[in-house]
$ cat structure_8.txt   # compact mmCIF, C-alpha atoms
# COMPACT_ATOMS: atom_id res chain seq x y z
CA MET A 1 13.62 -10.85 13.68
CA ARG A 2 11.14 -13.21 12.07
CA LEU A 3 12.25 -16.40 10.34
CA ARG A 4 12.46 -15.41 6.68
CA ALA A 5 13.07 -18.71 4.90
CA LEU A 6 12.83 -22.41 5.44
CA PRO A 7 16.13 -24.29 5.10
CA PHE A 8 15.06 -26.18 2.00
CA LEU A 9 18.22 -26.15 -0.02
CA THR A 10 21.76 -27.00 0.94
CA THR A 11 24.78 -26.55 -1.26
CA THR A 12 26.48 -29.78 -2.33
CA GLN A 13 30.23 -30.17 -2.57
CA HIS A 14 32.36 -32.73 -4.33
CA LYS A 15 34.04 -35.08 -1.88
CA GLY A 16 37.05 -35.49 -4.07
CA GLY A 17 38.03 -31.82 -3.91
CA VAL A 18 39.34 -29.90 -6.95
CA SER A 19 40.52 -31.97 -9.90
CA ASP A 20 43.97 -31.39 -11.36
CA ASP A 21 42.72 -32.17 -14.83
CA SER A 22 42.10 -28.85 -16.60
CA ASN A 23 40.58 -30.49 -19.69
CA ILE A 24 37.14 -31.01 -18.19
CA ASN A 25 34.67 -31.39 -21.01
CA GLU A 26 31.26 -29.78 -21.25
CA HIS A 27 29.49 -33.09 -20.70
CA SER A 28 31.08 -33.57 -17.28
CA ILE A 29 30.20 -30.02 -16.23
CA ARG A 30 26.56 -30.51 -17.20
CA GLY A 31 26.55 -33.85 -15.45
CA SER A 32 27.74 -32.30 -12.21
CA GLN A 33 25.05 -29.61 -12.51
CA PHE A 34 22.34 -32.23 -12.95
CA GLU A 35 23.69 -34.18 -9.99
CA GLY A 36 23.50 -31.01 -7.87
CA GLU A 37 19.92 -30.40 -8.96
CA ASP A 38 18.98 -33.99 -8.15
CA ASP A 39 20.52 -33.64 -4.69
CA ASN A 40 18.56 -30.43 -4.09
CA ASN A 41 15.32 -32.01 -5.28
CA THR A 42 15.95 -34.97 -3.00
CA ALA A 43 16.59 -32.62 -0.05
CA VAL A 44 13.33 -30.76 -0.73
CA HIS A 45 11.41 -34.00 -1.08
CA ASN A 46 12.82 -35.36 2.16
CA PHE A 47 12.01 -32.11 3.97
CA GLU A 48 8.43 -32.18 2.73
CA LEU A 49 7.97 -35.79 3.80
CA GLY A 50 9.24 -34.91 7.26
CA PHE A 51 7.20 -31.72 7.54
CA PHE A 52 3.91 -33.25 6.41
CA ALA A 53 4.42 -36.04 8.94
CA LEU A 54 4.45 -33.54 11.81
CA PRO A 55 1.33 -32.95 13.95
CA GLY A 56 -1.02 -30.32 12.57
CA ASP A 57 -0.54 -27.89 15.47
CA LEU A 58 3.20 -27.95 15.00
CA GLN A 59 2.83 -27.34 11.26
CA VAL A 60 0.66 -24.30 11.98
CA GLN A 61 3.17 -22.84 14.47
CA ILE A 62 6.07 -23.26 12.04
CA ILE A 63 4.22 -21.64 9.12
CA ALA A 64 2.96 -18.81 11.35
CA SER A 65 6.58 -18.00 12.31
CA LEU A 66 7.26 -16.92 8.72
CA ASP A 67 6.77 -13.44 7.33
CA ILE A 68 3.62 -12.83 5.31
CA PRO A 69 5.43 -12.74 1.90
CA ASP A 70 7.02 -16.11 2.73
CA ILE A 71 3.65 -17.62 3.64
CA LEU A 72 2.15 -16.38 0.38
CA SER A 73 5.11 -17.72 -1.59
CA LEU A 74 4.80 -21.07 0.17
CA ARG A 75 1.18 -21.31 -1.01
CA THR A 76 2.35 -21.25 -4.63
CA THR A 77 5.06 -23.90 -4.21
CA SER A 78 2.84 -26.91 -4.90
CA ARG A 79 -0.71 -28.15 -4.63
CA GLU A 80 0.09 -29.86 -1.33
CA TRP A 81 1.43 -26.65 0.28
CA HIS A 82 -1.51 -24.65 -1.08
CA ASN A 83 -4.03 -27.09 0.32
CA LEU A 84 -2.25 -27.25 3.67
CA ILE A 85 -2.24 -23.46 4.12
CA SER A 86 -5.77 -23.01 2.75
CA VAL A 87 -7.25 -25.65 5.07
CA ASN A 88 -5.40 -24.25 8.10
CA GLU A 89 -5.74 -20.58 7.12
CA ARG A 90 -7.59 -19.45 10.23
CA PRO A 91 -5.34 -21.28 12.75
CA ILE A 92 -2.27 -19.91 10.94
CA ALA A 93 -3.72 -16.38 11.04
CA ARG A 94 -4.51 -16.64 14.77
CA ALA A 95 -1.03 -17.99 15.55
CA PHE A 96 0.55 -15.23 13.46
CA LEU A 97 -1.26 -12.51 15.42
CA GLU A 98 -0.20 -14.10 18.70
CA GLN A 99 3.44 -13.66 17.65
CA ASP A 100 3.15 -10.27 15.92
CA ALA A 101 0.80 -7.74 17.51
CA ILE A 102 -0.95 -5.22 15.27
CA PRO A 103 -0.45 -1.53 16.15
CA GLN A 104 -3.30 0.05 18.07
CA PHE A 105 -4.01 2.67 15.43
CA ALA A 106 -4.61 -0.11 12.86
CA THR A 107 -7.05 -2.14 14.93
CA SER A 108 -8.94 1.01 15.89
CA LEU A 109 -9.88 1.54 12.23
CA TYR A 110 -10.04 -2.09 11.09
CA SER A 111 -11.34 -4.00 14.10
CA LEU A 112 -10.10 -7.50 14.75
CA PRO A 113 -12.67 -10.11 13.68
CA PRO A 114 -13.75 -12.79 16.13
CA PRO A 115 -11.03 -15.42 16.64
CA THR A 116 -12.91 -17.98 14.56
CA GLU A 117 -13.14 -15.56 11.60
CA ILE A 118 -9.57 -14.20 11.44
CA ASN A 119 -8.01 -15.10 8.09
CA LEU A 120 -4.94 -14.29 6.02
CA HIS A 121 -6.80 -11.73 3.93
CA TYR A 122 -7.35 -9.55 7.00
CA ILE A 123 -3.65 -9.77 7.93
CA CYS A 124 -2.44 -9.20 4.36
CA SER A 125 -4.77 -6.23 3.91
CA LEU A 126 -3.53 -4.59 7.11
CA ARG A 127 0.06 -5.27 6.12
CA HIS A 128 -0.54 -3.70 2.70
CA ARG A 129 -2.00 -0.55 4.25
CA LEU A 130 0.84 -0.33 6.77
CA LEU A 131 3.49 -0.78 4.06
CA VAL A 132 1.93 1.94 1.90
CA SER A 133 1.73 4.29 4.88
CA ALA A 134 5.32 3.56 5.94
CA SER A 135 6.70 3.98 2.42
CA LEU A 136 4.83 7.25 1.88
CA SER A 137 5.87 8.57 5.30
CA ALA A 138 9.53 7.88 4.49
CA MET A 139 9.31 9.80 1.20
CA MET A 140 7.45 12.67 2.84
CA ALA A 141 10.00 12.83 5.65
CA GLU A 142 12.84 13.15 3.13
CA TRP A 143 10.93 15.82 1.20
CA ILE A 144 10.17 17.80 4.38
CA THR A 145 13.79 17.51 5.55
CA LYS A 146 15.12 18.86 2.28
CA ASP A 147 12.51 21.43 1.21
CA MET A 148 11.11 22.68 4.52
CA PHE A 149 13.89 22.23 7.06
CA LEU A 150 16.43 23.04 4.32
CA ARG A 151 18.86 20.27 5.31
CA LYS A 152 20.60 19.89 1.95
CA THR A 153 24.27 19.22 2.67
CA GLU A 154 25.46 15.81 3.81
CA ALA A 155 26.57 17.12 7.20
CA GLN A 156 23.20 18.79 7.81
CA TRP A 157 21.37 15.67 6.68
CA LEU A 158 23.31 13.37 9.01
CA LYS A 159 22.80 15.69 11.98
CA PHE A 160 19.07 15.79 11.31
CA LEU A 161 18.61 12.00 11.05
CA PRO A 162 17.11 11.51 14.57
CA GLU A 163 14.51 14.22 13.92
CA GLN A 164 13.78 12.76 10.48
CA ALA A 165 13.22 9.32 12.02
CA ARG A 166 10.72 10.74 14.53
CA LEU A 167 9.02 12.65 11.73
CA ARG A 168 8.74 9.50 9.65
CA ASN A 169 7.41 7.32 12.48
CA ARG A 170 4.83 9.90 13.59
CA LEU A 171 3.52 10.27 10.05
CA VAL A 172 2.77 6.54 9.70
CA PRO A 173 -0.45 6.39 11.81
CA LEU A 174 -1.68 9.69 10.36
CA LEU A 175 -1.18 8.53 6.78
CA PHE A 176 -2.72 5.19 7.70
CA THR A 177 -5.83 7.10 8.75
CA ALA A 178 -5.74 9.04 5.47
CA PHE A 179 -5.54 5.70 3.63
CA HIS A 180 -8.67 4.59 5.49
CA PHE A 181 -10.44 7.85 4.64
CA PHE A 182 -9.84 7.60 0.89
CA GLU A 183 -10.63 3.87 0.87
CA ILE A 184 -14.05 4.38 2.44
CA LEU A 185 -14.62 7.57 0.40
CA ARG A 186 -14.17 5.61 -2.83
CA ASN A 187 -16.61 2.94 -1.66
CA LEU A 188 -19.22 5.55 -0.78
CA CYS A 189 -18.67 7.39 -4.07
CA MET A 190 -19.22 4.11 -5.90
CA GLU A 191 -22.43 3.57 -3.99
CA GLN A 192 -23.52 7.13 -4.75
CA THR A 193 -22.81 6.92 -8.47
CA LEU A 194 -23.84 3.33 -9.20
CA GLU A 195 -26.80 2.68 -6.93
CA ARG A 196 -28.35 6.15 -6.94
CA GLY A 197 -27.29 7.13 -10.45
CA GLN A 198 -25.65 10.39 -9.36
CA THR A 199 -23.23 11.73 -11.99
CA LEU A 200 -22.85 15.32 -10.79
CA PRO A 201 -19.73 16.24 -8.80
CA LEU A 202 -20.11 15.68 -5.08
CA LYS A 203 -20.12 19.02 -3.35
CA GLY A 204 -21.82 21.02 -0.64
CA ARG A 205 -24.06 19.14 1.75
CA MET A 206 -23.83 15.89 -0.22
CA LEU A 207 -20.04 15.78 0.07
CA GLN A 208 -20.12 16.92 3.68
CA ALA A 209 -22.57 14.15 4.58
CA ILE A 210 -20.35 11.47 3.03
CA GLU A 211 -17.14 12.79 4.59
CA SER A 212 -18.81 13.28 7.98
CA LYS A 213 -19.90 9.64 7.93
CA ILE A 214 -16.24 8.61 7.63
CA MET A 215 -14.77 11.20 10.00
CA ASN A 216 -17.22 10.33 12.76
CA THR A 217 -15.29 7.07 13.16
CA TYR A 218 -12.20 9.06 14.26
CA ASN A 219 -11.77 10.42 17.76
CA ASP A 220 -11.18 14.13 18.34
CA GLU A 221 -7.40 13.95 18.65
CA THR A 222 -6.93 11.78 15.55
CA LEU A 223 -9.20 13.98 13.45
CA LEU A 224 -7.30 17.10 14.49
CA GLU A 225 -3.85 15.62 13.87
CA VAL A 226 -4.75 14.18 10.46
CA HIS A 227 -6.36 17.50 9.52
CA GLN A 228 -3.17 19.35 10.41
CA ILE A 229 -0.94 17.14 8.20
CA PHE A 230 -3.44 16.93 5.32
CA PRO A 231 -2.06 20.09 3.62
CA LEU A 232 1.40 18.53 3.79
CA LEU A 233 0.12 15.43 1.99
CA ILE A 234 -1.46 17.50 -0.80
CA SER A 235 1.64 19.70 -1.09
CA PHE A 236 3.88 16.65 -1.32
CA LEU A 237 1.79 15.12 -4.12
CA CYS A 238 1.59 18.40 -6.04
CA SER A 239 5.34 18.94 -5.70
CA LYS A 240 5.95 15.54 -7.27
CA LEU A 241 3.67 16.30 -10.21
CA ARG A 242 4.99 19.71 -11.21
CA PRO A 243 8.39 20.86 -12.54
CA PRO A 244 10.64 22.90 -10.23
CA SER A 245 8.88 26.23 -9.80
CA TYR A 246 12.09 28.21 -9.37
CA LEU A 247 13.13 27.55 -12.98
CA SER A 248 12.10 29.76 -15.87
CA ARG A 249 10.38 28.37 -18.95
CA LEU A 250 13.63 28.38 -20.90
CA GLU A 251 15.52 26.58 -18.11
CA ARG A 252 12.78 23.96 -17.84
CA SER A 253 12.93 23.41 -21.57
CA LEU A 254 16.72 23.03 -21.55
CA LEU A 255 16.52 20.55 -18.68
CA GLY A 256 13.86 18.50 -20.46
CA TYR A 257 10.86 19.53 -18.33
CA HIS A 258 8.39 19.79 -21.20
CA MET A 259 5.28 18.65 -19.31
CA VAL A 260 3.26 20.90 -17.02
CA ALA A 261 1.50 19.95 -13.81
CA PRO A 262 -1.71 17.90 -14.23
CA PRO A 263 -5.06 19.66 -13.68
CA ASP A 264 -6.76 19.48 -10.32
CA HIS A 265 -9.34 16.90 -11.41
CA VAL A 266 -6.52 14.44 -12.21
CA ILE A 267 -5.00 14.92 -8.74
CA ALA A 268 -8.46 14.44 -7.22
CA ALA A 269 -8.80 11.19 -9.20
CA ILE A 270 -5.43 9.97 -7.94
CA LEU A 271 -6.53 10.52 -4.34
CA CYS A 272 -10.14 9.35 -4.56
CA VAL A 273 -9.82 6.51 -7.08
CA GLY A 274 -6.25 5.31 -6.59
CA GLY A 275 -5.84 6.37 -2.96
CA LEU A 276 -2.52 6.59 -1.18
CA ARG A 277 -1.48 3.42 -2.98
CA GLU A 278 -1.27 5.30 -6.29
CA VAL A 279 0.25 8.35 -4.59
CA THR A 280 3.07 6.13 -3.33
CA LYS A 281 3.56 4.43 -6.70
CA PHE A 282 3.82 7.72 -8.59
CA SER A 283 6.13 9.23 -5.98
CA LYS A 284 8.56 6.35 -6.39
CA VAL A 285 8.98 6.98 -10.13
CA GLN A 286 12.35 8.66 -10.68
CA GLY A 287 12.46 11.72 -12.94
CA TYR A 288 9.75 14.32 -13.43
CA GLU A 289 8.98 13.50 -17.09
CA ARG A 290 8.68 9.78 -16.38
CA ARG A 291 6.49 10.48 -13.36
CA ARG A 292 4.17 12.74 -15.33
CA THR A 293 4.01 10.19 -18.14
CA ALA A 294 3.05 7.50 -15.62
CA VAL A 295 0.22 9.73 -14.34
CA ASP A 296 -1.06 10.32 -17.89
CA ILE A 297 -0.97 6.60 -18.70
CA TRP A 298 -2.85 5.76 -15.50
CA TYR A 299 -5.49 8.44 -15.99
CA ASN A 300 -6.01 7.53 -19.66
CA SER A 301 -6.38 3.89 -18.65
CA ILE A 302 -9.29 4.67 -16.32
CA SER A 303 -10.95 7.34 -18.44
CA SER A 304 -10.78 6.80 -22.20
CA GLN A 305 -7.79 4.68 -23.20
CA PRO A 306 -7.56 1.48 -21.15
CA ILE A 307 -4.28 -0.42 -21.23
CA LYS A 308 -4.77 -3.58 -23.30
CA GLU A 309 -2.50 -5.77 -21.21
CA TYR A 310 -4.83 -5.74 -18.21
CA PRO A 311 -6.33 -9.24 -17.80
CA ARG A 312 -10.01 -9.83 -17.38
CA GLN A 313 -11.21 -10.64 -13.90
CA GLU A 314 -14.19 -10.17 -11.64
CA ILE A 315 -14.09 -7.75 -8.75
CA THR A 316 -16.73 -7.57 -6.06
CA ASP A 317 -17.06 -4.52 -3.88
CA SER A 318 -17.81 -5.61 -0.34
CA LYS A 319 -19.31 -2.25 0.61
CA CYS A 320 -21.82 -2.05 -2.23
CA ASN A 321 -22.42 -5.84 -2.46
CA THR A 322 -22.68 -5.54 -6.23
CA ASN A 323 -20.69 -7.08 -9.07
CA LEU A 324 -18.60 -4.27 -10.47
CA GLY A 325 -17.93 -5.89 -13.83
CA THR A 326 -15.50 -8.21 -15.55
CA ASN A 327 -13.68 -6.25 -18.23
CA TYR A 328 -10.24 -4.94 -17.38
CA GLY A 329 -8.93 -4.52 -20.88
CA SER A 330 -9.86 -4.50 -24.53
CA SER A 331 -12.42 -6.85 -26.02
CA GLN A 332 -9.80 -8.34 -28.33
CA SER A 333 -7.97 -11.24 -26.73
CA THR A 334 -4.19 -10.91 -26.90
CA LYS A 335 -1.74 -13.75 -26.49
CA SER A 336 -0.88 -12.71 -22.93
CA GLU A 337 -4.59 -12.63 -22.04
CA ARG A 338 -5.14 -16.13 -23.44
CA VAL A 339 -2.20 -17.47 -21.46
CA TYR A 340 -3.49 -15.72 -18.34
CA SER A 341 -6.99 -17.14 -18.85
CA LYS A 342 -5.60 -20.65 -19.26
CA LYS A 343 -3.60 -20.35 -16.03
CA LEU A 344 -6.60 -18.84 -14.25
CA LYS A 345 -8.82 -21.76 -15.24
CA SER A 346 -6.20 -24.32 -14.22
CA ASN A 347 -5.86 -22.68 -10.79
CA GLN A 348 -9.58 -22.34 -10.06
CA SER A 349 -9.61 -25.61 -8.18
CA LEU A 350 -6.73 -24.35 -6.03
CA LEU A 351 -8.31 -21.01 -5.16
CA ASN A 352 -11.64 -22.47 -3.99
CA ASN A 353 -13.11 -19.94 -1.60
CA ALA A 354 -9.80 -18.75 -0.13
CA SER A 355 -10.04 -15.34 1.49
CA LEU A 356 -7.00 -14.04 -0.44
CA ALA A 357 -9.00 -14.23 -3.68
CA ALA A 358 -10.71 -10.99 -2.59
CA GLY A 359 -7.65 -8.95 -3.61
CA PRO A 360 -5.78 -6.07 -1.93
CA PRO A 361 -7.33 -2.84 -0.60
CA MET A 362 -7.91 -0.07 -3.16
CA ALA A 363 -7.65 -2.58 -6.02
CA PHE A 364 -8.37 -1.61 -9.62
CA LEU A 365 -11.98 -0.94 -10.52
CA PRO A 366 -13.65 -2.12 -13.74
CA LEU A 367 -13.50 0.34 -16.60
CA GLU A 368 -17.25 0.50 -17.24
CA CYS A 369 -17.72 2.14 -13.83
CA MET A 370 -15.07 4.78 -14.34
CA PRO A 371 -16.81 7.46 -16.46
CA ARG A 372 -19.63 7.97 -13.95
CA LEU A 373 -17.29 7.66 -10.99
CA LEU A 374 -14.89 10.28 -12.38
CA GLN A 375 -17.79 12.65 -13.05
CA GLY A 376 -18.97 12.26 -9.47
CA LEU A 377 -15.64 12.99 -7.78
CA PRO A 378 -15.41 16.05 -5.53
CA VAL A 379 -13.31 19.09 -6.37
CA LEU A 380 -9.74 18.82 -5.08
CA GLN A 381 -9.95 21.94 -2.90
CA GLN A 382 -13.10 20.65 -1.18
CA ILE A 383 -11.79 17.21 -0.17
CA TRP A 384 -11.51 16.79 3.62
CA VAL A 385 -10.70 20.36 4.64
CA SER A 386 -14.07 22.08 5.03
CA THR A 387 -15.82 19.04 6.52
CA ALA A 388 -13.02 18.40 9.03
CA GLU A 389 -12.97 22.04 10.14
CA SER A 390 -16.73 22.00 10.66
CA LEU A 391 -16.57 18.82 12.73
CA LEU A 392 -13.68 20.12 14.84
CA LEU A 393 -15.64 23.27 15.66
CA GLU A 394 -18.86 21.34 16.23
CA ARG A 395 -17.20 18.89 18.63
CA GLY A 396 -15.45 21.72 20.48
CA VAL A 397 -11.97 20.34 19.75
CA VAL A 398 -10.94 23.90 18.79
CA GLU A 399 -12.77 27.11 19.55
CA ARG A 400 -11.92 28.76 16.23
CA LYS A 401 -10.10 27.92 13.01
CA GLY A 402 -7.10 29.96 14.09
CA ASP A 403 -6.40 27.41 16.85
CA ILE A 404 -5.54 24.77 14.24
CA LYS A 405 -1.77 24.50 13.88
CA LYS A 406 -0.10 25.77 10.74
CA ASN A 407 2.58 23.86 8.85
CA ALA A 408 5.51 25.30 10.83
CA GLN A 409 3.91 24.43 14.18
CA VAL A 410 2.97 20.95 12.96
CA LEU A 411 6.50 20.22 11.77
CA ARG A 412 8.02 21.32 15.08
CA SER A 413 5.70 18.97 16.98
CA LEU A 414 6.46 16.08 14.60
CA VAL A 415 10.22 16.26 15.21
CA ASP A 416 10.00 16.91 18.96
CA GLY A 417 11.95 14.38 21.00
CA SER A 418 9.50 13.91 23.88
CA VAL A 419 6.82 11.20 23.90
CA THR A 420 3.37 12.77 23.61
CA ASN A 421 -0.11 11.50 24.42
CA ALA A 422 -0.67 11.03 20.70
CA ASP A 423 2.36 8.73 20.47
CA ILE A 424 1.03 6.59 23.33
CA ARG A 425 -2.44 6.55 21.79
CA PHE A 426 -1.13 5.36 18.42
CA TRP A 427 1.73 3.07 19.46
CA GLY A 428 0.85 2.06 23.01
CA ASP A 429 3.64 0.87 25.29
CA SER A 430 6.09 0.68 22.36
CA ALA A 431 5.87 4.41 21.63
CA ASP A 432 9.25 5.19 23.18
CA ASP A 433 10.97 2.43 21.22
CA VAL A 434 9.34 3.49 17.97
CA LEU A 435 10.45 7.10 18.33
CA GLN A 436 14.03 6.03 19.06
CA GLU A 437 14.30 4.04 15.81
CA LYS A 438 16.53 5.46 13.08
$ encode --input "structure_8.txt" --output "structure tokens"
Amino acid sequence: MRLRALPFLTTTQHKGGVSDDSNINEHSIRGSQFEGEDDNNTAVHNFELGFFALPGDLQVQIIASLDIPDILSLRTTSREWHNLISVNERPIARAFLEQDAIPQFATSLYSLPPPTEINLHYICSLRHRLLVSASLSAMMAEWITKDMFLRKTEAQWLKFLPEQARLRNRLVPLLFTAFHFFEILRNLCMEQTLERGQTLPLKGRMLQAIESKIMNTYNDETLLEVHQIFPLLISFLCSKLRPPSYLSRLERSLLGYHMVAPPDHVIAAILCVGGLREVTKFSKVQGYERRRTAVDIWYNSISSQPIKEYPRQEITDSKCNTNLGTNYGSSQSTKSERVYSKKLKSNQSLLNNASLAAGPPMAFLPLECMPRLLQGLPVLQQIWVSTAESLLLERGVVERKGDIKKNAQVLRSLVDGSVTNADIRFWGDSADDVLQEK
């Protein structure tokens, strides 16, 4: 386990024990609270004096032993901590990777930079993608266990837990690859719509050329395995965005399911614009009506009715090397926007050129780009499937389409207890340990 917190604070106790006087006034209670706060502040101050007096190499090793969220929180503690981490960002990142190795399937898609160029943004971006993939794989594993393997009672569920764990762990690298696909697809769609002025839907040879450019970065085995679970991903998303199909219209009305499934172009926008990040966020919303409302709010915010609370900020797309705009909300400045702008200006000197200012993967895009981007999105039924099948046949991975596994065969292989070549390829020497996790 990684060290999750620095021992800043210690609880203070009264040396005199518990007083027998029950008529303690409010002033004495407040005084004791202030004394406790002063003691804590003194402890923090003394710790900082001792820590900043340590050699720089030792400071780097201690900070690198923390988890990423703790390092990011430490940056916001004070100006001194922010400057310390910003100045030593690359040594901290290198020391962090020496202690925590990145899975092979992650570095195969997002190659490690040279040692002198590794920074916290690279580590945080990989961690974000891995967390999204792990969270989505857990939800898909539960959905598959309940709806496909029909394990609905508590006894059946508990008996199936080892298979569900293997299913969840094997889905992680495949969904991570799908995250990569939609991330690069959005960048290329932006380039197509903004630089070349294309506003027609991507289809046919144009879509196949873009998707082939991405899929050529995957080896034969990875392309085949992701292609075989891709229908499961689409089915999972569609099942979350439609009311239970086994209910009649009257039953749905009585149960409060008044909203119908969104059209295909909305689902295509979720995948191509929001990526698996938005798929995970929507899937976590409890209740069908609330989930559908969240989808409508998100789609309206990127199409015709932007949410006013979004602050203004600049976003630069590294793939297109163009400024994608500055407006994230309405032109009228609200109170929250003014407060945000004031804080942003006061923190500009702290941000400097820190790598973390680039933002997370699949971040929000500026609204002025959205109309043309939405018009240029491919049709849902044409995303991935036809291009992947053509490449698999062209490379000779399969002789005919019938050799590609169907859902039932895929699910049986995902819950199988033996370690396969794919497990070793994705997880390396830790494949056996990963598959034994519950």
$ residues_around --input "structure_8.txt" --residues "stretch 110-126 of chain A" --least-positions-apart "5" --cutoff "10 Å" --atoms "only C-alpha atoms" --output "JSON, numbers by chain"
{"A": [68, 69, 71, 72, 85, 86, 88, 89, 90, 91, 92, 93, 94, 96, 97, 102, 104, 105, 131, 132, 176, 180, 354, 355, 356, 357, 358, 359, 360, 361, 362]}
$ atom_distance --input "structure_8.txt" --atom1 "atom CA of A:Ser413" --atom2 "atom CA of A:Ala101"
27.2 Å
$ atom_distance --input "structure_8.txt" --atom1 "atom CA of A:Leu374" --atom2 "atom CA of A:Leu207"
14.6 Å
$ closest_residue --input "structure_8.txt" --among "A:Gln164, A:Thr387, A:Gln381, A:Ser303" --to "A:Asn216" --atoms "all atoms listed in the file"
A:Thr387
$ atom_distance --input "structure_8.txt" --atom1 "atom CA of A:Phe149" --atom2 "atom CA of A:Lys406"
14.9 Å
$ closest_atom_pairs --input "structure_8.txt" --of "stretch 44-147 of chain A" --to "stretch 228-243 of chain A" --cutoff "10 Å" --atoms "all atoms listed in the file" --output "tab-separated table"
residue	atom	partner	partner_atom	distance
A:Leu136	CA	A:Leu233	CA	9.4
A:Ser137	CA	A:Leu233	CA	9.5
A:Met139	CA	A:Phe236	CA	9.1
A:Met140	CA	A:Phe236	CA	6.8
A:Trp143	CA	A:Phe236	CA	7.5
A:Ile144	CA	A:Phe236	CA	8.6
$ residues_around --input "structure_8.txt" --residues "A:Ser390" --least-positions-apart "5" --cutoff "12 Å" --atoms "all atoms listed in the file" --output "PyMOL selection string"
chain A and resi 205+208-209+211-212+215-216+223-224+227+384-385+395-401
$ decode --input "structure_8.txt" --residues "stretch 73-114 of chain A" --atoms "C-alpha atoms" --output "PDB file, in the first residue's frame"
ATOM      1  CA  SER A  73      -3.598  18.208  -2.955  1.00  0.00           C
ATOM      2  CA  LEU A  74      -0.182  19.039  -1.526  1.00  0.00           C
ATOM      3  CA  ARG A  75       0.392  21.465  -4.414  1.00  0.00           C
ATOM      4  CA  THR A  76      -2.617  23.517  -3.302  1.00  0.00           C
ATOM      5  CA  THR A  77      -1.625  23.690   0.379  1.00  0.00           C
ATOM      6  CA  SER A  78       0.508  26.820   0.110  1.00  0.00           C
ATOM      7  CA  ARG A  79       2.703  28.775  -2.254  1.00  0.00           C
ATOM      8  CA  GLU A  80       5.812  27.122  -0.810  1.00  0.00           C
ATOM      9  CA  TRP A  81       4.504  23.576  -1.444  1.00  0.00           C
ATOM     10  CA  HIS A  82       3.335  24.531  -4.931  1.00  0.00           C
ATOM     11  CA  ASN A  83       6.705  25.977  -5.847  1.00  0.00           C
ATOM     12  CA  LEU A  84       8.553  22.997  -4.387  1.00  0.00           C
ATOM     13  CA  ILE A  85       6.529  20.465  -6.402  1.00  0.00           C
ATOM     14  CA  SER A  86       6.512  22.576  -9.571  1.00  0.00           C
ATOM     15  CA  VAL A  87      10.295  23.075  -9.533  1.00  0.00           C
ATOM     16  CA  ASN A  88      10.928  19.371  -8.828  1.00  0.00           C
ATOM     17  CA  GLU A  89       8.099  18.053 -11.018  1.00  0.00           C
ATOM     18  CA  ARG A  90      10.247  15.933 -13.313  1.00  0.00           C
ATOM     19  CA  PRO A  91      12.366  14.324 -10.540  1.00  0.00           C
ATOM     20  CA  ILE A  92       9.178  13.579  -8.587  1.00  0.00           C
ATOM     21  CA  ALA A  93       7.578  12.017 -11.682  1.00  0.00           C
ATOM     22  CA  ARG A  94      10.649   9.858 -12.367  1.00  0.00           C
ATOM     23  CA  ALA A  95      10.818   8.710  -8.734  1.00  0.00           C
ATOM     24  CA  PHE A  96       7.087   7.937  -8.768  1.00  0.00           C
ATOM     25  CA  LEU A  97       7.432   5.686 -11.825  1.00  0.00           C
ATOM     26  CA  GLU A  98      10.360   3.880 -10.218  1.00  0.00           C
ATOM     27  CA  GLN A  99       8.085   2.910  -7.320  1.00  0.00           C
ATOM     28  CA  ASP A 100       4.873   2.266  -9.282  1.00  0.00           C
ATOM     29  CA  ALA A 101       5.260   0.600 -12.679  1.00  0.00           C
ATOM     30  CA  ILE A 102       2.734   1.404 -15.397  1.00  0.00           C
ATOM     31  CA  PRO A 103       0.907  -1.581 -16.966  1.00  0.00           C
ATOM     32  CA  GLN A 104       2.286  -2.720 -20.289  1.00  0.00           C
ATOM     33  CA  PHE A 105      -0.952  -2.104 -22.169  1.00  0.00           C
ATOM     34  CA  ALA A 106      -0.852   1.574 -21.100  1.00  0.00           C
ATOM     35  CA  THR A 107       2.719   2.275 -22.185  1.00  0.00           C
ATOM     36  CA  SER A 108       2.112   0.503 -25.491  1.00  0.00           C
ATOM     37  CA  LEU A 109      -0.471   3.158 -26.417  1.00  0.00           C
ATOM     38  CA  TYR A 110       1.012   6.150 -24.586  1.00  0.00           C
ATOM     39  CA  SER A 111       4.770   5.660 -24.804  1.00  0.00           C
ATOM     40  CA  LEU A 112       6.955   6.758 -21.938  1.00  0.00           C
ATOM     41  CA  PRO A 113       8.699  10.062 -22.698  1.00  0.00           C
ATOM     42  CA  PRO A 114      12.458  10.331 -22.303  1.00  0.00           C
TER      43      PRO A 114
END
